[in-house]
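Visitor: This is the content of my_file_24.txt (compact mmCIF, C-alpha atoms and all ligand atoms):
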# COMPACT_ATOMS: atom_id res chain seq x y z
CA MET Z 1 9.83 -34.02 298.30
CA THR Z 2 10.34 -35.78 294.99
CA ARG Z 3 8.09 -34.84 292.12
CA LYS Z 4 6.69 -38.33 291.84
CA ARG Z 5 6.27 -41.11 294.36
CA GLN Z 6 7.98 -44.30 293.32
CA LEU Z 7 5.16 -46.49 292.07
CA LEU Z 8 6.97 -49.80 291.72
CA GLY Z 9 10.07 -51.50 293.09
CA SER Z 10 13.18 -51.03 290.94
CA SER Z 11 13.62 -54.73 290.08
CA VAL Z 12 10.20 -54.98 288.44
CA ASP Z 13 9.93 -55.57 284.70
CA ARG Z 14 7.80 -52.53 283.97
CA ALA Z 15 6.62 -53.64 280.53
CA ARG Z 16 5.30 -56.93 281.92
CA PHE Z 17 3.55 -55.20 284.77
CA VAL Z 18 1.99 -52.71 282.35
CA ASP Z 19 0.85 -55.64 280.20
CA ARG Z 20 -1.00 -57.05 283.23
CA LEU Z 21 -2.56 -53.67 283.95
CA ILE Z 22 -3.76 -53.36 280.36
CA GLU Z 23 -5.11 -56.90 280.55
CA ARG Z 24 -7.22 -55.94 283.58
CA TRP Z 25 -8.28 -52.68 281.96
CA LEU Z 26 -9.44 -54.48 278.79
CA HIS Z 27 -11.31 -56.98 280.88
CA GLU Z 28 -13.09 -54.33 282.92
CA ARG Z 29 -14.12 -52.41 279.83
CA SER Z 30 -15.53 -55.54 278.23
CA ALA Z 31 -17.36 -56.29 281.47
CA VAL Z 32 -19.11 -52.91 281.17
CA THR Z 33 -20.29 -53.86 277.67
CA LEU Z 34 -21.37 -57.31 278.89
CA TYR Z 35 -23.48 -55.78 281.63
CA GLN Z 36 -25.04 -53.36 279.14
CA LEU Z 37 -25.98 -56.29 276.90
CA ALA Z 38 -27.27 -58.23 279.90
CA GLN Z 39 -29.35 -55.36 281.20
CA ALA Z 40 -31.10 -55.07 277.87
CA ARG Z 41 -32.04 -58.77 278.18
CA LEU Z 42 -32.72 -59.11 281.88
CA GLY Z 43 -34.56 -55.86 282.53
CA GLY Z 44 -34.07 -53.67 285.54
CA ASP Z 45 -32.13 -55.69 288.10
CA GLU Z 46 -30.73 -52.84 290.23
CA ARG Z 47 -27.88 -54.99 291.40
CA LEU Z 48 -26.66 -55.47 287.84
CA GLY Z 49 -26.80 -51.70 287.36
CA ARG Z 50 -24.55 -51.24 290.37
CA PHE Z 51 -22.15 -53.94 289.16
CA LEU Z 52 -21.95 -52.19 285.79
CA ASP Z 53 -21.01 -48.93 287.54
CA GLU Z 54 -18.36 -50.75 289.55
CA GLU Z 55 -16.81 -52.30 286.44
CA ARG Z 56 -16.65 -48.83 284.92
CA LEU Z 57 -14.93 -47.48 288.05
CA HIS Z 58 -12.40 -50.33 287.90
CA ALA Z 59 -11.60 -49.50 284.28
CA GLU Z 60 -11.22 -45.80 285.12
CA MET Z 61 -9.01 -46.56 288.11
CA LEU Z 62 -6.71 -48.70 285.94
CA GLU Z 63 -6.62 -46.02 283.29
CA ARG Z 64 -5.48 -43.47 285.91
CA LEU Z 65 -2.77 -45.83 287.12
CA LEU Z 66 -1.62 -46.48 283.55
CA ALA Z 67 -1.53 -42.71 282.96
CA GLU Z 68 0.67 -42.40 286.01
CA VAL Z 69 3.17 -44.84 284.51
CA GLY Z 70 2.94 -42.96 281.21
CA VAL Z 71 0.81 -45.43 279.25
CA ALA Z 72 -2.32 -44.61 277.24
CA PRO Z 73 -3.89 -48.07 276.75
CA ARG Z 74 -6.25 -46.90 274.02
CA GLU Z 75 -3.30 -45.88 271.89
CA GLN Z 76 -1.35 -49.09 271.91
CA PRO Z 77 -2.02 -52.53 270.48
CA ALA Z 78 -2.61 -55.32 272.99
CA TYR Z 79 0.10 -57.94 273.21
CA GLY Z 80 0.98 -60.71 275.68
CA SER Z 81 -1.52 -61.15 278.50
CA ALA Z 82 -3.57 -58.20 277.30
CA SER Z 83 -4.13 -59.77 273.92
CA LEU Z 84 -5.16 -63.04 275.56
CA ALA Z 85 -7.67 -61.16 277.72
CA ALA Z 86 -9.01 -59.44 274.63
CA SER Z 87 -9.68 -62.82 272.95
CA GLU Z 88 -11.28 -64.27 276.04
CA MET Z 89 -13.61 -61.34 276.43
CA ALA Z 90 -14.40 -61.21 272.70
CA MET Z 91 -15.64 -64.79 273.04
CA LEU Z 92 -17.89 -63.92 275.95
CA LEU Z 93 -19.18 -60.79 274.20
CA ASP Z 94 -20.01 -62.88 271.13
CA ALA Z 95 -21.87 -65.34 273.32
CA ALA Z 96 -23.78 -62.52 275.02
CA ARG Z 97 -24.84 -61.01 271.68
CA ALA Z 98 -26.65 -64.20 270.67
CA ASP Z 99 -30.34 -64.61 271.36
CA LEU Z 100 -30.10 -66.15 274.82
CA GLU Z 101 -32.44 -67.19 277.56
CA PRO Z 102 -32.03 -65.17 280.76
CA ARG Z 103 -30.28 -68.05 282.55
CA HIS Z 104 -27.70 -68.22 279.78
CA VAL Z 105 -27.13 -64.48 279.92
CA VAL Z 106 -26.42 -64.90 283.63
CA GLN Z 107 -24.13 -67.82 282.86
CA VAL Z 108 -22.04 -65.64 280.52
CA LEU Z 109 -21.84 -62.91 283.18
CA LEU Z 110 -20.77 -65.46 285.76
CA ALA Z 111 -18.01 -66.75 283.46
CA ALA Z 112 -16.75 -63.17 283.02
CA GLU Z 113 -16.85 -62.57 286.77
CA ARG Z 114 -14.91 -65.75 287.48
CA LEU Z 115 -12.17 -64.48 285.16
CA ASP Z 116 -12.45 -61.12 286.86
CA VAL Z 117 -11.99 -62.57 290.35
CA ALA Z 118 -9.02 -64.68 289.24
CA GLY Z 119 -7.53 -61.72 287.39
CA TRP Z 120 -7.68 -59.37 290.37
CA GLU Z 121 -6.32 -62.02 292.71
CA LEU Z 122 -3.32 -62.51 290.46
CA LEU Z 123 -2.76 -58.81 289.88
CA LEU Z 124 -3.12 -58.02 293.56
CA ALA Z 125 -0.55 -60.66 294.53
CA LEU Z 126 1.90 -59.49 291.85
CA ALA Z 127 1.38 -55.82 292.67
CA ARG Z 128 2.05 -56.48 296.34
CA GLU Z 129 5.28 -58.29 295.51
CA ALA Z 130 6.23 -55.58 293.02
CA GLY Z 131 5.97 -53.03 295.82
CA LEU Z 132 3.14 -51.05 294.25
CA ASP Z 133 2.24 -47.92 296.17
CA GLU Z 134 -0.14 -48.56 299.08
CA ASP Z 135 -2.90 -46.24 297.77
CA TRP Z 136 -3.15 -48.27 294.60
CA LEU Z 137 -3.02 -51.55 296.49
CA ARG Z 138 -5.99 -50.34 298.50
CA SER Z 139 -7.92 -49.68 295.28
CA PHE Z 140 -6.95 -53.13 294.00
CA ARG Z 141 -8.20 -54.78 297.19
CA SER Z 142 -11.46 -52.95 296.98
CA ALA Z 143 -11.90 -54.03 293.33
CA ASP Z 144 -11.11 -57.61 294.34
CA ARG Z 145 -13.82 -57.50 297.04
CA ALA Z 146 -16.34 -56.07 294.59
CA GLU Z 147 -15.59 -58.89 292.12
CA SER Z 148 -16.21 -61.53 294.78
CA GLU Z 149 -19.60 -59.98 295.48
CA HIS Z 150 -20.41 -59.94 291.75
CA GLU Z 151 -19.44 -63.59 291.44
CA HIS Z 152 -21.50 -64.70 294.44
CA TYR Z 153 -24.58 -62.81 293.38
CA LEU Z 154 -24.46 -64.17 289.82
CA HIS Z 155 -23.82 -67.65 291.09
CA ASP Z 156 -26.95 -67.43 293.27
CA GLN Z 157 -29.00 -65.96 290.43
CA LEU Z 158 -27.90 -68.70 288.05
CA LEU Z 159 -28.76 -71.38 290.57
CA LYS Z 160 -32.24 -69.89 291.05
CA LEU Z 161 -32.91 -69.70 287.30
CA GLU Z 162 -31.54 -73.18 286.68
CA ARG Z 163 -33.66 -74.63 289.46
CA ALA Z 164 -36.75 -72.97 288.03
CA ALA Z 165 -35.93 -74.38 284.57
CA LEU Z 166 -35.06 -77.85 285.83
CA PHE Z 167 -38.01 -78.34 288.14
CA SER Z 168 -40.67 -76.52 286.17
CA HIS Z 169 -42.51 -79.67 285.08
CA PRO Z 170 -44.68 -81.57 287.52
CA ALA Z 171 -43.41 -85.10 288.23
CA PRO Z 172 -45.19 -87.76 286.10
FE FE A 201 -14.47 -55.37 287.66
FE FE A 202 -17.06 -57.83 288.20
Output the file's structure as structure tokens, nothing else.
Guide:
Amino acid sequence: MTRKRQLLGSSVDRARFVDRLIERWLHERSAVTLYQLAQARLGGDERLGRFLDEERLHAEMLERLLAEVGVAPREQPAYGSASLAASEMAMLLDAARADLEPRHVVQVLLAAERLDVAGWELLLALAREAGLDEDWLRSFRSADRAESEHEHYLHDQLLKLERAALFSHPAP
């Protein structure tokens, strides 16, 4: 048995793939912070607490995978896709730090989750084509499913809050 399983196909540009992994990792870590900010504003929605835990697990999973390819994401500057993700999330974190109404907090979370869903879809498709090891692909699929649930729930919550705000005044 070889010491290490082959993680990726041999024709894959490793640095680019790592860049995508770091992008996801950055995104997941920022999502944890976003949920912490949101929880402070929205009070004890248990569902949000679970989503926060799931974002943390996604970040940890990516960090383990990066360790397996010999990369410590905390120790290297973001470039390429990772640096783009960092700017996107910095914008959302800035928005979430403002004094927002609950519906706007949910709107920021939903925007982050939409990026999250799109990000996992892309990474999953690329990882599959890159021949990533099946165990990791399974973890990616499970993250992708979790993100869809996050997105749906936040979408429903936003709709509820927006309806309440829009129709709160009796008709003249
Ligand atoms: Fe996530
Ligand atoms: Fe998420």
Visitor: Given the choices Z:Glu147, Z:Glu63, Z:Glu129, Z:Glu88, which gets closest to ligand FE 201 (chain A) if the distance is worked out from only C-alpha atoms and all ligand atoms?
Guide: Z:Glu147
Visitor: Hey, what's within 7 Å of Z:Asp19 if we count all atoms listed in the file and toss same-chain stuff fewer than 6 positions away? As a PyMOL selection string, please?
Guide: chain Z and resi 80-82
Visitor: Can you tell me which residues sit at most 12 Å away from ligand FE 202 (chain A), counting all atoms listed in the file, written as a VMD selection string?
Guide: chain Z and resid 24 to 25 27 to 35 47 to 59 109 to 120 142 to 154
Visitor: Quick one: residues within 12 Å of Z:Ala67, all atoms listed in the file counted, chain neighbours fewer than 6 positions away excluded, as a CSV table (one decimal) with C-alpha atoms, keeping the file's coordinate frame?
Guide:
chain,number,residue,atom,x,y,z
Z,7,LEU,CA,5.2,-46.5,292.1
Z,18,VAL,CA,2.0,-52.7,282.4
Z,21,LEU,CA,-2.6,-53.7,284.0
Z,22,ILE,CA,-3.8,-53.4,280.4
Z,60,GLU,CA,-11.2,-45.8,285.1
Z,61,MET,CA,-9.0,-46.6,288.1
Z,73,PRO,CA,-3.9,-48.1,276.8
Z,74,ARG,CA,-6.2,-46.9,274.0
Z,75,GLU,CA,-3.3,-45.9,271.9
Visitor: Taking 4 positions as the minimum chain separation for residues in the same chain, which residues sit within 7 Å of stretch 157-167 of chain Z when counting only C-alpha atoms? Answer as a ChimeraX atom specification.
Guide: /Z:103,106-107,153
Visitor: Considering all atoms listed in the file, can you say which of Z:Glu23, Z:Asp135, Z:Glu46, Z:Glu101 comes closest to ligand FE 201 (chain A)?
Guide: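 When distances to ligand FE 201 (chain A) are compared using all atoms listed in the file, the smallest one comes from Z:Glu23.
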Visitor: Taking into account all atoms listed in the file, which residue in the set Z:Leu122, Z:Arg128, Z:Asp156, Z:Val105 is nearest to Z:Gln36?
Guide: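 The answer is Z:Val105, which sits nearest to Z:Gln36.
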Visitor: Name the residues, using the chain letters and numbers of the file, that sit within 9 Å of (10.3, -56.5, 290.8) when counting all atoms listed in the file, and give them as JSON, numbers by chain.
Guide: {"Z": [8, 9, 10, 11, 12, 13, 14, 126, 129, 130, 131]}
Visitor: Between atom CA of Z:Arg141 and atom CA of Z:Ala95, what is the distance, to one decimal in Å?
Guide: 29.5 Å
Visitor: For a test of reading the model, state the distance in Å between atom CA of Z:Ala72 and atom CA of Z:Leu93, rounded to one decimal.
Guide: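 Interatomic distance here is 23.6 Å.
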Visitor: Taking only C-alpha atoms and all ligand atoms into account, name the residue in Z:Ser168, Z:Gln76, Z:Ser139, Z:Gln39 that is nearest to ligand FE 201 (chain A).
Guide: Z:Ser139
Visitor: Enter the distance from atom CA of Z:Pro77 to atom CA of Z:Arg16, in Å, rounded to one decimal.
Guide: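 Separation between atom CA of Z:Pro77 and atom CA of Z:Arg16: 14.3 Å.
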Visitor: Between Z:Ala90, Z:Phe140, Z:Val108, Z:Asp45, which residue has the minimum interatomic distance to Z:Ala127, considering all atoms listed in the file?
Guide: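 Answer, going by the shortest atom-to-atom distance: Z:Phe140.
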Visitor: Using all atoms of stretch 38-41 of chain Z listed in the file and a margin of 8 Å per side, can you give the axis-aligned box centre and edge lengths in Å to one decimal, as AutoDock Vina command-line options?
Guide:
--center_x -29.7 --center_y -56.9 --center_z 279.5 --size_x 20.8 --size_y 19.7 --size_z 19.3
Visitor: Let me make sure I understand: among Z:Ser87, Z:Ala78, Z:Arg41, Z:Leu62, which one has the smallest atom-to-atom distance to ligand FE 201 (chain A) if we use all atoms listed in the file?
Guide: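 The answer is Z:Leu62, which sits nearest to ligand FE 201 (chain A).
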